[in-house]
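Trainee: Input final-v5.cif, format and content: mmCIF, N, CA and C atoms.
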data_upload
#
loop_
_atom_site.label_atom_id
_atom_site.label_comp_id
_atom_site.auth_asym_id
_atom_site.auth_seq_id
_atom_site.Cartn_x
_atom_site.Cartn_y
_atom_site.Cartn_z
N MET D 1 102.25 104.69 128.23
CA MET D 1 101.38 103.53 128.24
C MET D 1 100.07 103.86 128.96
N LEU D 2 99.02 103.31 128.45
CA LEU D 2 97.72 103.40 129.09
C LEU D 2 97.41 102.03 129.70
N GLU D 3 96.67 102.01 130.80
CA GLU D 3 96.27 100.76 131.44
C GLU D 3 94.82 100.83 131.87
N TYR D 4 94.12 99.71 131.65
CA TYR D 4 92.70 99.63 132.00
C TYR D 4 92.30 98.16 131.97
N ARG D 5 91.65 97.69 133.01
CA ARG D 5 91.13 96.32 133.11
C ARG D 5 92.18 95.27 132.78
N GLY D 6 93.41 95.50 133.19
CA GLY D 6 94.47 94.53 132.97
C GLY D 6 95.11 94.59 131.60
N CYS D 7 94.71 95.54 130.77
CA CYS D 7 95.28 95.69 129.43
C CYS D 7 96.16 96.93 129.39
N SER D 8 97.19 96.87 128.55
CA SER D 8 98.07 98.00 128.33
C SER D 8 97.96 98.44 126.88
N GLY D 9 98.15 99.72 126.67
CA GLY D 9 98.07 100.24 125.31
C GLY D 9 99.14 101.28 125.04
N SER D 10 99.58 101.33 123.81
CA SER D 10 100.62 102.28 123.41
C SER D 10 99.99 103.64 123.09
N ILE D 11 100.85 104.66 123.07
CA ILE D 11 100.44 106.01 122.69
C ILE D 11 101.44 106.52 121.66
N LEU D 12 100.95 106.85 120.49
CA LEU D 12 101.78 107.42 119.42
C LEU D 12 101.09 108.68 118.91
N TYR D 13 101.87 109.57 118.30
CA TYR D 13 101.30 110.79 117.75
C TYR D 13 101.71 110.93 116.30
N SER D 14 100.76 111.25 115.44
CA SER D 14 101.02 111.48 114.03
C SER D 14 100.94 112.98 113.76
N GLU D 15 102.07 113.58 113.45
CA GLU D 15 102.07 115.01 113.11
C GLU D 15 101.28 115.25 111.84
N GLU D 16 101.38 114.32 110.91
CA GLU D 16 100.69 114.46 109.63
C GLU D 16 99.18 114.58 109.82
N ASP D 17 98.62 113.70 110.68
CA ASP D 17 97.18 113.69 110.93
C ASP D 17 96.79 114.51 112.14
N GLU D 18 97.79 114.93 112.93
CA GLU D 18 97.54 115.61 114.20
C GLU D 18 96.60 114.80 115.08
N THR D 19 96.89 113.50 115.16
CA THR D 19 96.04 112.56 115.89
C THR D 19 96.91 111.65 116.75
N PHE D 20 96.42 111.36 117.95
CA PHE D 20 97.03 110.35 118.81
C PHE D 20 96.41 109.01 118.44
N HIS D 21 97.20 107.96 118.49
CA HIS D 21 96.68 106.63 118.22
C HIS D 21 97.52 105.61 118.98
N GLY D 22 97.01 104.40 119.04
CA GLY D 22 97.73 103.35 119.72
C GLY D 22 97.08 102.01 119.49
N ARG D 23 97.63 101.01 120.14
CA ARG D 23 97.07 99.66 120.05
C ARG D 23 97.30 98.95 121.37
N LEU D 24 96.47 97.95 121.63
CA LEU D 24 96.66 97.14 122.83
C LEU D 24 97.94 96.35 122.65
N THR D 25 98.72 96.26 123.71
CA THR D 25 100.01 95.60 123.64
C THR D 25 99.96 94.25 124.36
N PHE D 26 100.95 93.43 124.10
CA PHE D 26 101.12 92.12 124.75
C PHE D 26 99.98 91.15 124.47
N MET D 27 99.44 91.20 123.24
CA MET D 27 98.40 90.25 122.83
C MET D 27 98.51 90.00 121.33
N ARG D 28 97.97 88.88 120.90
CA ARG D 28 98.01 88.53 119.48
C ARG D 28 97.02 89.33 118.66
N ASP D 29 95.84 89.58 119.21
CA ASP D 29 94.80 90.29 118.48
C ASP D 29 95.20 91.75 118.27
N LEU D 30 94.82 92.29 117.11
CA LEU D 30 95.11 93.69 116.82
C LEU D 30 93.90 94.52 117.20
N VAL D 31 94.07 95.37 118.21
CA VAL D 31 93.01 96.26 118.67
C VAL D 31 93.61 97.66 118.71
N THR D 32 93.02 98.58 117.94
CA THR D 32 93.56 99.94 117.85
C THR D 32 92.54 100.96 118.31
N TYR D 33 93.01 102.18 118.54
CA TYR D 33 92.16 103.28 118.97
C TYR D 33 92.85 104.58 118.59
N GLU D 34 92.08 105.68 118.53
CA GLU D 34 92.67 106.97 118.22
C GLU D 34 91.83 108.10 118.79
N GLY D 35 92.45 109.27 118.92
CA GLY D 35 91.76 110.45 119.43
C GLY D 35 92.51 111.71 119.05
N LYS D 36 91.82 112.82 119.07
CA LYS D 36 92.41 114.11 118.70
C LYS D 36 93.16 114.76 119.85
N ASP D 37 92.86 114.35 121.09
CA ASP D 37 93.55 114.89 122.27
C ASP D 37 93.65 113.78 123.31
N SER D 38 94.30 114.08 124.42
CA SER D 38 94.55 113.03 125.41
C SER D 38 93.26 112.46 125.99
N GLU D 39 92.28 113.29 126.24
CA GLU D 39 91.02 112.79 126.81
C GLU D 39 90.30 111.88 125.84
N SER D 40 90.23 112.27 124.57
CA SER D 40 89.53 111.42 123.59
C SER D 40 90.31 110.13 123.34
N LEU D 41 91.64 110.19 123.42
CA LEU D 41 92.45 108.98 123.28
C LEU D 41 92.19 108.01 124.43
N LYS D 42 92.17 108.53 125.66
CA LYS D 42 91.90 107.67 126.82
C LYS D 42 90.51 107.06 126.75
N ARG D 43 89.54 107.84 126.32
CA ARG D 43 88.17 107.34 126.19
C ARG D 43 88.11 106.24 125.12
N ALA D 44 88.76 106.47 123.97
CA ALA D 44 88.77 105.48 122.90
C ALA D 44 89.48 104.20 123.34
N PHE D 45 90.55 104.34 124.12
CA PHE D 45 91.27 103.19 124.65
C PHE D 45 90.36 102.35 125.54
N ARG D 46 89.68 103.01 126.49
CA ARG D 46 88.78 102.27 127.39
C ARG D 46 87.66 101.60 126.61
N GLU D 47 87.11 102.28 125.61
CA GLU D 47 86.05 101.69 124.79
C GLU D 47 86.58 100.48 124.01
N ALA D 48 87.80 100.58 123.50
CA ALA D 48 88.40 99.46 122.76
C ALA D 48 88.59 98.25 123.67
N VAL D 49 89.04 98.48 124.89
CA VAL D 49 89.22 97.37 125.84
C VAL D 49 87.87 96.75 126.18
N ASP D 50 86.88 97.57 126.49
CA ASP D 50 85.54 97.05 126.80
C ASP D 50 84.97 96.25 125.63
N ASP D 51 85.11 96.78 124.41
CA ASP D 51 84.62 96.07 123.22
C ASP D 51 85.36 94.75 123.01
N TYR D 52 86.66 94.75 123.27
CA TYR D 52 87.47 93.55 123.13
C TYR D 52 86.99 92.47 124.09
N TYR D 53 86.79 92.82 125.34
CA TYR D 53 86.31 91.85 126.32
C TYR D 53 84.91 91.37 125.98
N LYS D 54 84.05 92.27 125.51
CA LYS D 54 82.69 91.90 125.14
C LYS D 54 82.71 90.90 123.97
N LEU D 55 83.54 91.14 122.98
CA LEU D 55 83.65 90.25 121.84
C LEU D 55 84.16 88.88 122.27
N ARG D 56 85.17 88.85 123.11
CA ARG D 56 85.71 87.57 123.59
C ARG D 56 84.66 86.80 124.39
N GLU D 57 83.89 87.51 125.17
CA GLU D 57 82.81 86.85 125.94
C GLU D 57 81.78 86.25 124.99
N GLN D 58 81.39 86.99 123.95
CA GLN D 58 80.42 86.48 122.98
C GLN D 58 80.93 85.26 122.24
N GLN D 59 82.26 85.19 122.07
CA GLN D 59 82.87 84.05 121.39
C GLN D 59 83.18 82.90 122.34
N GLY D 60 82.88 83.09 123.62
CA GLY D 60 83.11 82.04 124.62
C GLY D 60 84.56 81.88 125.02
N ILE D 61 85.35 82.96 124.84
CA ILE D 61 86.78 82.93 125.18
C ILE D 61 86.98 83.70 126.47
N GLU D 62 87.71 83.11 127.41
CA GLU D 62 87.99 83.80 128.67
C GLU D 62 89.18 84.70 128.54
#
Would you give me this structure, written as structure tokens?
Mentor:
Amino acid sequence: MLEYRGCSGSILYSEEDETFHGRLTFMRDLVTYEGKDSESLKRAFREAVDDYYKLREQQGIE
């Protein structure tokens, strides 16, 4: 599991694509991210969380 700003995210690996991917957990909205290695996956996860919060703020949702 990854954690950032109060959000948790899953970590899965696709042998077919040789890519790590995941999604934010414990929420209704579907937010996904992916990376070719652990560092790029963590970076994509943090960017996904930041984008998610930014979008919710723009929509007036806390």
Trainee: Need the axis-aligned box for segment 17-32 of chain D with 4 Å each side, so what are the centre and edges in Å to one decimal, as JSON?
Mentor:
{"center_x": 96.8, "center_y": 102.1, "center_z": 117.7, "size_x": 16.6, "size_y": 35.1, "size_z": 22.1}
Trainee: Selected by the PyMOL selection byres ((chain D and resi 21) around 5) in the shown coordinates: which residues, as a count of residues only?
Mentor: 10
Trainee: Go ahead and compute the interatomic distance for atom C of Ala44 of chain D and atom C of Thr32 of chain D, in Å to one decimal.
Mentor: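 These two atoms are separated by 6.7 Å.
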Trainee: Please identify the strand (DSSP E) residues within chain D (assignment by DSSP from backbone atoms) and present them as a ChimeraX atom specification.
Mentor: /D:2-4,7-9,12-14,19-23,32-35
Trainee: If you measure from atom CA of Leu2 of chain D to atom N of Glu62 of chain D, what distance in Å do you get, rounded to one decimal?
Mentor: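 Spanning atom CA of Leu2 of chain D to atom N of Glu62 of chain D is a straight-line distance of 22.7 Å.
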Trainee: Would you mind writing down, as a ChimeraX atom specification, each residue of chain D that DSSP on the backbone assigns to alpha helix (DSSP H)?
Mentor: /D:38-58
Trainee: Figure out the distance between atom N of Glu57 of chain D and atom CA of Lys36 of chain D, please, to one decimal in Å.
Mentor: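 Taking atom CA of Lys36 of chain D and atom N of Glu57 of chain D, their separation equals 28.7 Å.
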Trainee: Which is closest to Thr25 of chain D among D:Lys42, D:Glu47, D:Glu3, D:Ser8, if we use only N, CA and C atoms?
Mentor: D:Ser8
Trainee: For segment 3-22 of chain D, where the input has fewer atoms than it should, I would like N, CA, C and O atoms rebuilt and written as a short mmCIF file (atom, residue, chain, number, x, y, z; two decimals), in the frame of the given file.
Mentor:
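Written file, rebuild-v2.cif:
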data_model
loop_
_atom_site.label_atom_id
_atom_site.label_comp_id
_atom_site.auth_asym_id
_atom_site.auth_seq_id
_atom_site.Cartn_x
_atom_site.Cartn_y
_atom_site.Cartn_z
N GLU D 3 96.67 102.01 130.80
CA GLU D 3 96.27 100.76 131.44
C GLU D 3 94.82 100.83 131.87
O GLU D 3 94.36 101.85 132.38
N TYR D 4 94.12 99.71 131.65
CA TYR D 4 92.70 99.63 132.00
C TYR D 4 92.30 98.16 131.97
O TYR D 4 92.61 97.45 131.01
N ARG D 5 91.65 97.69 133.01
CA ARG D 5 91.13 96.32 133.11
C ARG D 5 92.18 95.27 132.78
O ARG D 5 91.90 94.27 132.14
N GLY D 6 93.41 95.50 133.19
CA GLY D 6 94.47 94.53 132.97
C GLY D 6 95.11 94.59 131.60
O GLY D 6 95.95 93.76 131.27
N CYS D 7 94.71 95.54 130.77
CA CYS D 7 95.28 95.69 129.43
C CYS D 7 96.16 96.93 129.39
O CYS D 7 95.90 97.92 130.06
N SER D 8 97.19 96.87 128.55
CA SER D 8 98.07 98.00 128.33
C SER D 8 97.96 98.44 126.88
O SER D 8 97.72 97.62 126.00
N GLY D 9 98.15 99.72 126.67
CA GLY D 9 98.07 100.24 125.31
C GLY D 9 99.14 101.28 125.04
O GLY D 9 99.55 102.01 125.95
N SER D 10 99.58 101.33 123.81
CA SER D 10 100.62 102.28 123.41
C SER D 10 99.99 103.64 123.09
O SER D 10 98.79 103.76 122.87
N ILE D 11 100.85 104.66 123.07
CA ILE D 11 100.44 106.01 122.69
C ILE D 11 101.44 106.52 121.66
O ILE D 11 102.64 106.59 121.93
N LEU D 12 100.95 106.85 120.49
CA LEU D 12 101.78 107.42 119.42
C LEU D 12 101.09 108.68 118.91
O LEU D 12 99.89 108.84 119.06
N TYR D 13 101.87 109.57 118.30
CA TYR D 13 101.30 110.79 117.75
C TYR D 13 101.71 110.93 116.30
O TYR D 13 102.88 110.74 115.94
N SER D 14 100.76 111.25 115.44
CA SER D 14 101.02 111.48 114.03
C SER D 14 100.94 112.98 113.76
O SER D 14 99.86 113.57 113.86
N GLU D 15 102.07 113.58 113.45
CA GLU D 15 102.07 115.01 113.11
C GLU D 15 101.28 115.25 111.84
O GLU D 15 100.60 116.27 111.71
N GLU D 16 101.38 114.32 110.91
CA GLU D 16 100.69 114.46 109.63
C GLU D 16 99.18 114.58 109.82
O GLU D 16 98.53 115.42 109.22
N ASP D 17 98.62 113.70 110.68
CA ASP D 17 97.18 113.69 110.93
C ASP D 17 96.79 114.51 112.14
O ASP D 17 95.59 114.72 112.39
N GLU D 18 97.79 114.93 112.93
CA GLU D 18 97.54 115.61 114.20
C GLU D 18 96.60 114.80 115.08
O GLU D 18 95.65 115.31 115.66
N THR D 19 96.89 113.50 115.16
CA THR D 19 96.04 112.56 115.89
C THR D 19 96.91 111.65 116.75
O THR D 19 97.97 111.21 116.33
N PHE D 20 96.42 111.36 117.95
CA PHE D 20 97.03 110.35 118.81
C PHE D 20 96.41 109.01 118.44
O PHE D 20 95.22 108.93 118.14
N HIS D 21 97.20 107.96 118.49
CA HIS D 21 96.68 106.63 118.22
C HIS D 21 97.52 105.61 118.98
O HIS D 21 98.57 105.92 119.51
N GLY D 22 97.01 104.40 119.04
CA GLY D 22 97.73 103.35 119.72
C GLY D 22 97.08 102.01 119.49
O GLY D 22 96.10 101.90 118.75
#
